[in-house]
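Following: one structure in structure tokens, then a few remarks.
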Amino acid sequence: MTVGLVLVSHSQQLAQGLADVAGQMAPSVTIAPAGGQQDGSIGTSFELITAAIEQADSGDGAVLLYDLGSGFLTAETAVEFLEPEQAERVVIVDAPFVLGAVSAAIAAHVGGDLRTVIAGALDARSANGPGGVRALD
Amino acid sequence: MSCDAAGTVAAVRAVAATVAEHRVELTHLDREIGDGDHGENLARGFTAVLTKLDAAEPADPAAVLKLVATTLISTVGGAAGPLFGTGFLRAATSLGDAAEIDGTAVATALTAARDGVVARGKAESGDKTMVDALTPAVNAAKAAAAGGASVAQVLTAAADAATTGAAETVPMQARKGRASYLGERSIGHQDPGATSTGYLLQAFAGAATG
């Protein structure tokens, strides 16, 4: 059992593409994309996010990342509708979507617990920061 | 019109008709400062609400609003889904299992709805969001209810204040939501969420007035 990831995006392709990229380095991790609305149009879907949480959380918890603010609103609503016992281990993290997903996926792949995977996602905040800018000089 | 379960169902049907009527206009407003889907998303949500109402027989006003809430959350794929959904859900909770509601209960429900929207979206007055329609509506509803107003009078006061509040979002610069990325360029456009909030309350008021 490992911590899973839920990738909430306004686009089905963006969520799926990111799941593919992050999954390449974390084959043991369930990365559930929840992109677009149920009819495939741009937006976010409470139903798709809820289904993705069920897929990603095997009991060890899941980290949920989102692309834009309204994705957070829908994700937060979905988590609130979970049973309290499950809601405790499904954590929405405010981190860069792409870097955060890759970083969190790797943390989960090497056996990190929920806390470590959250930290992995948050680490991505600085991964492209001062160091990355300095590299351009 | 009494405000029992049947009256609430009739009001929600009126809201759905109003949303359908203003679908293109709301989408147009949202295209100016947002992602251009507000009218379509709300119309999809309320079409689904009508389908659910055809199959359900809600026992009391709260059950009607709860049905609206869960349907909007499931079917409106933008910020409006969780925001309106949370608002209707909090309103439903505040009504309890009352079979009929009076003006005071309506004002209390509207206050709960506004508080829910604020808790969900973290917007404050002046951010150019639906809160700029909801908060004046709450204040007007409370004042009317304190004076012993009927359901229709409370809703009419709320709707008029919400419509005025929505118009007052035009000169505001957006500080929440997609429009905030536009910075100063969000000035000069009426907020779509505040606008639809005004329409929703106008429809409720119209239905209650009969």
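To be explicit about the labels: the chains of the structure tokens are called A, B, and onward in the order shown, and within each one the residues are counted from 1, while ligands get numbers from 1 in the order they are shown.
For chain B, the residues close to chain A, meaning within 10 Å and counting only C-alpha atoms, are Asp35, Asp37, Asn41, Thr70, Leu72, Ile73, Ser74, Thr75, Val76, Gly77, Gly78, Ala79, Ala80, Gly81, Pro82, Leu83, Gly85, Thr86, Arg120, Gly121, Lys176, Gly177 and Arg178 of chain B.
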**Message:** Give me, as a ChimeraX atom specification, the residues of region 100-151 of chain B that a backbone DSSP run labels helix (DSSP H, G or I).
**Reply:** /B:103-121,131-146,151
Preceding selection exported with N, CA and C atoms as a short mmCIF file (atom, residue, chain, number, x, y, z; two decimals), in the first residue's frame:
data_model
loop_
_atom_site.label_atom_id
_atom_site.label_comp_id
_atom_site.auth_asym_id
_atom_site.auth_seq_id
_atom_site.Cartn_x
_atom_site.Cartn_y
_atom_site.Cartn_z
N GLY B 103 -40.85 34.74 7.01
CA GLY B 103 -39.86 35.72 6.58
C GLY B 103 -38.57 35.66 7.38
N THR B 104 -38.71 35.45 8.69
CA THR B 104 -37.51 35.36 9.54
C THR B 104 -36.65 34.16 9.15
N ALA B 105 -37.32 33.02 8.90
CA ALA B 105 -36.57 31.82 8.51
C ALA B 105 -35.84 32.03 7.18
N VAL B 106 -36.49 32.76 6.27
CA VAL B 106 -35.85 33.04 4.98
C VAL B 106 -34.60 33.90 5.17
N ALA B 107 -34.72 34.93 6.01
CA ALA B 107 -33.57 35.80 6.27
C ALA B 107 -32.43 35.01 6.92
N THR B 108 -32.79 34.13 7.85
CA THR B 108 -31.78 33.30 8.52
C THR B 108 -31.11 32.36 7.52
N ALA B 109 -31.92 31.77 6.62
CA ALA B 109 -31.38 30.84 5.63
C ALA B 109 -30.44 31.57 4.66
N LEU B 110 -30.82 32.78 4.28
CA LEU B 110 -29.99 33.56 3.35
C LEU B 110 -28.66 33.93 4.02
N THR B 111 -28.74 34.24 5.32
CA THR B 111 -27.51 34.55 6.06
C THR B 111 -26.59 33.33 6.09
N ALA B 112 -27.18 32.17 6.36
CA ALA B 112 -26.39 30.93 6.40
C ALA B 112 -25.76 30.64 5.03
N ALA B 113 -26.54 30.91 3.97
CA ALA B 113 -26.04 30.68 2.61
C ALA B 113 -24.83 31.58 2.34
N ARG B 114 -24.99 32.85 2.68
CA ARG B 114 -23.88 33.80 2.46
C ARG B 114 -22.64 33.37 3.26
N ASP B 115 -22.84 32.99 4.51
CA ASP B 115 -21.71 32.58 5.34
C ASP B 115 -21.02 31.36 4.73
N GLY B 116 -21.81 30.45 4.16
CA GLY B 116 -21.25 29.27 3.51
C GLY B 116 -20.42 29.63 2.29
N VAL B 117 -20.93 30.55 1.50
CA VAL B 117 -20.20 30.99 0.30
C VAL B 117 -18.89 31.66 0.70
N VAL B 118 -18.94 32.48 1.75
CA VAL B 118 -17.73 33.16 2.22
C VAL B 118 -16.71 32.14 2.74
N ALA B 119 -17.22 31.14 3.49
CA ALA B 119 -16.32 30.12 4.03
C ALA B 119 -15.66 29.33 2.90
N ARG B 120 -16.42 29.04 1.85
CA ARG B 120 -15.90 28.25 0.72
C ARG B 120 -14.94 29.07 -0.13
N GLY B 121 -15.35 30.27 -0.50
CA GLY B 121 -14.58 31.04 -1.48
C GLY B 121 -13.61 32.04 -0.89
N VAL B 131 -20.39 37.55 -3.42
CA VAL B 131 -20.55 38.08 -2.05
C VAL B 131 -21.04 39.53 -2.10
N ASP B 132 -20.65 40.26 -3.15
CA ASP B 132 -21.07 41.67 -3.27
C ASP B 132 -22.56 41.80 -3.59
N ALA B 133 -23.19 40.71 -4.02
CA ALA B 133 -24.65 40.70 -4.15
C ALA B 133 -25.29 40.10 -2.90
N LEU B 134 -24.62 39.07 -2.34
CA LEU B 134 -25.22 38.33 -1.23
C LEU B 134 -25.26 39.13 0.07
N THR B 135 -24.20 39.84 0.37
CA THR B 135 -24.16 40.54 1.65
C THR B 135 -25.20 41.67 1.73
N PRO B 136 -25.33 42.51 0.69
CA PRO B 136 -26.44 43.48 0.73
C PRO B 136 -27.80 42.79 0.83
N ALA B 137 -27.94 41.64 0.16
CA ALA B 137 -29.20 40.90 0.21
C ALA B 137 -29.50 40.43 1.63
N VAL B 138 -28.47 39.92 2.30
CA VAL B 138 -28.63 39.45 3.69
C VAL B 138 -29.03 40.61 4.59
N ASN B 139 -28.35 41.75 4.42
CA ASN B 139 -28.66 42.90 5.28
C ASN B 139 -30.09 43.39 5.06
N ALA B 140 -30.50 43.43 3.79
CA ALA B 140 -31.87 43.88 3.49
C ALA B 140 -32.90 42.88 4.01
N ALA B 141 -32.60 41.59 3.87
CA ALA B 141 -33.52 40.54 4.32
C ALA B 141 -33.69 40.60 5.84
N LYS B 142 -32.57 40.77 6.54
CA LYS B 142 -32.62 40.84 8.01
C LYS B 142 -33.45 42.04 8.47
N ALA B 143 -33.23 43.18 7.83
CA ALA B 143 -33.96 44.40 8.20
C ALA B 143 -35.45 44.22 7.95
N ALA B 144 -35.80 43.62 6.80
CA ALA B 144 -37.21 43.41 6.47
C ALA B 144 -37.85 42.43 7.47
N ALA B 145 -37.12 41.34 7.76
CA ALA B 145 -37.66 40.33 8.68
C ALA B 145 -37.85 40.90 10.08
N ALA B 146 -36.92 41.76 10.48
CA ALA B 146 -37.03 42.39 11.81
C ALA B 146 -38.29 43.25 11.90
N VAL B 151 -42.60 36.33 3.71
CA VAL B 151 -41.59 35.68 2.88
C VAL B 151 -41.37 36.47 1.59
#
**Message:** as a VMD selection string, please: every residue in region 7-47 of chain A that DSSP puts in strand (DSSP E).
**Reply:** chain A and resid 7 to 9 31 to 35
Which residues are close to Ala59 (chain B), i.e. within 12 Å by only C-alpha atoms, leaving aside same-chain residues fewer than 5 positions away? Reply as a short mmCIF file (atom, residue, chain, number, x, y, z; two decimals) with C-alpha atoms, in the first residue's frame.
data_model
loop_
_atom_site.label_atom_id
_atom_site.label_comp_id
_atom_site.auth_asym_id
_atom_site.auth_seq_id
_atom_site.Cartn_x
_atom_site.Cartn_y
_atom_site.Cartn_z
CA ASP B 4 -44.05 24.89 2.15
CA ALA B 5 -42.26 22.20 0.15
CA ALA B 6 -44.51 22.70 -2.90
CA GLY B 7 -43.99 26.45 -2.82
CA THR B 8 -40.24 25.97 -2.61
CA VAL B 9 -40.32 23.56 -5.56
CA LEU B 53 -37.42 17.44 -9.04
CA VAL B 64 -35.87 20.91 -1.78
CA LEU B 65 -32.86 23.16 -1.19
CA LYS B 66 -30.68 20.17 -0.34
CA LEU B 67 -31.63 18.52 -3.62
CA GLY B 96 -34.22 22.20 9.76
CA ASP B 97 -37.33 20.12 9.17
CA ALA B 98 -39.84 22.98 9.28
CA ALA B 99 -42.86 22.23 7.08
CA GLU B 100 -43.46 25.91 6.37
#
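With only C-alpha atoms as the basis for measurement, A:Ile53 is the residue among A:Ile53, A:Ala26, A:Val110, A:Gln13 that approaches Val79 (chain A) most closely.
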**Message:** Applying 10 Å and only C-alpha atoms, which residues near region 21-24 of chain B remain after dropping the ones on its own chain fewer than 4 positions away? List them as a list in words.
**Reply:** Val15, Ala16, Ala17, His28, Leu29, Asp30, Gly36, Asp37, His38, Gly39, Glu40, Asn41, Leu42, Ala43, Arg44, Thr195, Ser196 and Tyr199 of chain B
Restricting it to N, CA and C atoms, dump the selection as an mmCIF file, in the first residue's frame.
data_model
loop_
_atom_site.group_PDB
_atom_site.id
_atom_site.type_symbol
_atom_site.label_atom_id
_atom_site.label_comp_id
_atom_site.auth_asym_id
_atom_site.auth_seq_id
_atom_site.Cartn_x
_atom_site.Cartn_y
_atom_site.Cartn_z
ATOM 1 N N VAL B 15 -36.585 29.707 -10.698
ATOM 2 C CA VAL B 15 -35.147 30.031 -10.773
ATOM 3 C C VAL B 15 -34.545 29.373 -12.004
ATOM 4 N N ALA B 16 -34.892 28.109 -12.245
ATOM 5 C CA ALA B 16 -34.346 27.391 -13.400
ATOM 6 C C ALA B 16 -34.736 28.094 -14.699
ATOM 7 N N ALA B 17 -35.975 28.570 -14.760
ATOM 8 C CA ALA B 17 -36.432 29.275 -15.967
ATOM 9 C C ALA B 17 -35.655 30.576 -16.154
ATOM 10 N N HIS B 28 -21.840 35.707 -21.585
ATOM 11 C CA HIS B 28 -21.181 36.860 -22.198
ATOM 12 C C HIS B 28 -20.415 37.672 -21.140
ATOM 13 N N LEU B 29 -21.055 37.920 -19.992
ATOM 14 C CA LEU B 29 -20.374 38.648 -18.903
ATOM 15 C C LEU B 29 -19.108 37.898 -18.474
ATOM 16 N N ASP B 30 -19.218 36.586 -18.397
ATOM 17 C CA ASP B 30 -18.098 35.770 -17.936
ATOM 18 C C ASP B 30 -16.983 35.735 -18.974
ATOM 19 N N GLY B 36 -15.786 32.348 -19.391
ATOM 20 C CA GLY B 36 -16.840 32.276 -20.402
ATOM 21 C C GLY B 36 -17.729 31.061 -20.335
ATOM 22 N N ASP B 37 -17.967 30.542 -19.134
ATOM 23 C CA ASP B 37 -18.834 29.367 -19.062
ATOM 24 C C ASP B 37 -19.924 29.483 -17.980
ATOM 25 N N HIS B 38 -20.051 30.654 -17.353
ATOM 26 C CA HIS B 38 -20.940 30.755 -16.197
ATOM 27 C C HIS B 38 -22.397 30.439 -16.541
ATOM 28 N N GLY B 39 -22.897 31.034 -17.631
ATOM 29 C CA GLY B 39 -24.282 30.795 -18.028
ATOM 30 C C GLY B 39 -24.521 29.342 -18.410
ATOM 31 N N GLU B 40 -23.607 28.795 -19.194
ATOM 32 C CA GLU B 40 -23.743 27.396 -19.629
ATOM 33 C C GLU B 40 -23.724 26.466 -18.420
ATOM 34 N N ASN B 41 -22.770 26.701 -17.513
ATOM 35 C CA ASN B 41 -22.636 25.818 -16.352
ATOM 36 C C ASN B 41 -23.867 25.864 -15.450
ATOM 37 N N LEU B 42 -24.340 27.086 -15.180
ATOM 38 C CA LEU B 42 -25.528 27.212 -14.319
ATOM 39 C C LEU B 42 -26.758 26.600 -14.979
ATOM 40 N N ALA B 43 -26.882 26.826 -16.295
ATOM 41 C CA ALA B 43 -28.043 26.283 -17.013
ATOM 42 C C ALA B 43 -28.006 24.755 -16.976
ATOM 43 N N ARG B 44 -26.823 24.182 -17.154
ATOM 44 C CA ARG B 44 -26.696 22.730 -17.080
ATOM 45 C C ARG B 44 -27.118 22.241 -15.693
ATOM 46 N N THR B 195 -24.114 38.861 -10.630
ATOM 47 C CA THR B 195 -25.268 39.041 -11.507
ATOM 48 C C THR B 195 -26.224 37.860 -11.405
ATOM 49 N N SER B 196 -25.678 36.642 -11.481
ATOM 50 C CA SER B 196 -26.563 35.472 -11.409
ATOM 51 C C SER B 196 -27.193 35.362 -10.024
ATOM 52 N N TYR B 199 -30.202 37.476 -10.145
ATOM 53 C CA TYR B 199 -31.281 36.816 -10.901
ATOM 54 C C TYR B 199 -31.941 35.707 -10.086
#
**Asked** What's the 6 Å shell around Gly35 (chain A), counting only C-alpha atoms, without same-chain residues fewer than 4 positions away, as a ChimeraX atom specification?
**Response** /A:8-12,15
**Message:** What's around region 189-192 of chain B at 7 Å? Count only C-alpha atoms, leave out sequence neighbours fewer than 2 positions away in its own chain, and write the answer as number ranges by chain.
**Reply:** B: 26, 29-30, 128-129, 166-167, 169-170, 186-187, 194-196
**Residue neighbourhood Thr116 (chain A), 12 Å, only C-alpha atoms, exclusion window fewer than 3 positions, as a ChimeraX atom specification** = /A:2-3,60-63,103-113,119-123
Print the selection's residues with N, CA and C atoms to a file, as a PDB file, in the first residue's frame.
ATOM      1  N   THR A   2       0.499   2.193  -0.807  1.00  0.00           N
ATOM      2  CA  THR A   2       1.218   3.463  -0.838  1.00  0.00           C
ATOM      3  C   THR A   2       0.210   4.604  -0.827  1.00  0.00           C
ATOM      4  N   VAL A   3       0.729   5.780  -0.539  1.00  0.00           N
ATOM      5  CA  VAL A   3      -0.082   6.999  -0.639  1.00  0.00           C
ATOM      6  C   VAL A   3      -0.360   7.245  -2.119  1.00  0.00           C
ATOM      7  N   ASP A  60      -3.952   4.311   2.939  1.00  0.00           N
ATOM      8  CA  ASP A  60      -2.792   5.064   3.422  1.00  0.00           C
ATOM      9  C   ASP A  60      -2.930   6.558   3.181  1.00  0.00           C
ATOM     10  N   GLY A  61      -3.991   6.926   2.497  1.00  0.00           N
ATOM     11  CA  GLY A  61      -4.228   8.338   2.248  1.00  0.00           C
ATOM     12  C   GLY A  61      -3.900   8.750   0.828  1.00  0.00           C
ATOM     13  N   ALA A  62      -4.266   9.973   0.505  1.00  0.00           N
ATOM     14  CA  ALA A  62      -4.020  10.508  -0.828  1.00  0.00           C
ATOM     15  C   ALA A  62      -3.710  11.997  -0.732  1.00  0.00           C
ATOM     16  N   VAL A  63      -2.831  12.423  -1.634  1.00  0.00           N
ATOM     17  CA  VAL A  63      -2.531  13.846  -1.753  1.00  0.00           C
ATOM     18  C   VAL A  63      -3.190  14.346  -3.029  1.00  0.00           C
ATOM     19  N   SER A 103       7.164  15.452  -7.788  1.00  0.00           N
ATOM     20  CA  SER A 103       7.884  15.353  -6.517  1.00  0.00           C
ATOM     21  C   SER A 103       7.120  14.495  -5.508  1.00  0.00           C
ATOM     22  N   ALA A 104       5.800  14.698  -5.427  1.00  0.00           N
ATOM     23  CA  ALA A 104       4.985  13.907  -4.500  1.00  0.00           C
ATOM     24  C   ALA A 104       4.934  12.444  -4.939  1.00  0.00           C
ATOM     25  N   ALA A 105       4.852  12.208  -6.236  1.00  0.00           N
ATOM     26  CA  ALA A 105       4.784  10.835  -6.740  1.00  0.00           C
ATOM     27  C   ALA A 105       6.048  10.061  -6.375  1.00  0.00           C
ATOM     28  N   ILE A 106       7.181  10.726  -6.508  1.00  0.00           N
ATOM     29  CA  ILE A 106       8.453  10.057  -6.177  1.00  0.00           C
ATOM     30  C   ILE A 106       8.519   9.771  -4.677  1.00  0.00           C
ATOM     31  N   ALA A 107       8.082  10.754  -3.879  1.00  0.00           N
ATOM     32  CA  ALA A 107       8.080  10.550  -2.420  1.00  0.00           C
ATOM     33  C   ALA A 107       7.202   9.355  -2.045  1.00  0.00           C
ATOM     34  N   ALA A 108       6.070   9.208  -2.731  1.00  0.00           N
ATOM     35  CA  ALA A 108       5.183   8.074  -2.455  1.00  0.00           C
ATOM     36  C   ALA A 108       5.803   6.764  -2.949  1.00  0.00           C
ATOM     37  N   HIS A 109       6.445   6.836  -4.106  1.00  0.00           N
ATOM     38  CA  HIS A 109       7.044   5.640  -4.724  1.00  0.00           C
ATOM     39  C   HIS A 109       8.117   5.025  -3.832  1.00  0.00           C
ATOM     40  N   VAL A 110       8.895   5.868  -3.175  1.00  0.00           N
ATOM     41  CA  VAL A 110       9.965   5.333  -2.313  1.00  0.00           C
ATOM     42  C   VAL A 110       9.435   5.013  -0.907  1.00  0.00           C
ATOM     43  N   GLY A 111       8.128   4.984  -0.741  1.00  0.00           N
ATOM     44  CA  GLY A 111       7.533   4.486   0.493  1.00  0.00           C
ATOM     45  C   GLY A 111       7.191   5.533   1.522  1.00  0.00           C
ATOM     46  N   GLY A 112       7.188   6.788   1.116  1.00  0.00           N
ATOM     47  CA  GLY A 112       6.885   7.849   2.071  1.00  0.00           C
ATOM     48  C   GLY A 112       5.460   7.768   2.597  1.00  0.00           C
ATOM     49  N   ASP A 113       5.271   8.138   3.864  1.00  0.00           N
ATOM     50  CA  ASP A 113       3.920   8.195   4.405  1.00  0.00           C
ATOM     51  C   ASP A 113       3.253   9.505   3.979  1.00  0.00           C
ATOM     52  N   ALA A 119       5.052  16.787   2.106  1.00  0.00           N
ATOM     53  CA  ALA A 119       6.302  17.571   2.107  1.00  0.00           C
ATOM     54  C   ALA A 119       6.952  17.530   0.731  1.00  0.00           C
ATOM     55  N   GLY A 120       6.863  16.378   0.075  1.00  0.00           N
ATOM     56  CA  GLY A 120       7.422  16.238  -1.271  1.00  0.00           C
ATOM     57  C   GLY A 120       6.776  17.219  -2.236  1.00  0.00           C
ATOM     58  N   ALA A 121       5.454  17.319  -2.167  1.00  0.00           N
ATOM     59  CA  ALA A 121       4.735  18.256  -3.038  1.00  0.00           C
ATOM     60  C   ALA A 121       5.141  19.693  -2.718  1.00  0.00           C
ATOM     61  N   LEU A 122       5.236  20.003  -1.418  1.00  0.00           N
ATOM     62  CA  LEU A 122       5.575  21.378  -1.017  1.00  0.00           C
ATOM     63  C   LEU A 122       7.010  21.738  -1.393  1.00  0.00           C
ATOM     64  N   ASP A 123       7.895  20.736  -1.395  1.00  0.00           N
ATOM     65  CA  ASP A 123       9.292  20.982  -1.794  1.00  0.00           C
ATOM     66  C   ASP A 123       9.376  21.579  -3.193  1.00  0.00           C
TER      67      ASP A 123
END
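Between Leu18 (chain A) and the candidates A:Val93, A:Ala101, A:Ala34, A:Val6, the tightest atom-to-atom separation, counting only C-alpha atoms, involves A:Ala101.
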**Request:** Measure the distance from CA of Leu99 (chain A) to CA of Met25 (chain A) in Å and round it to one decimal.
**Result:** 12.3 Å
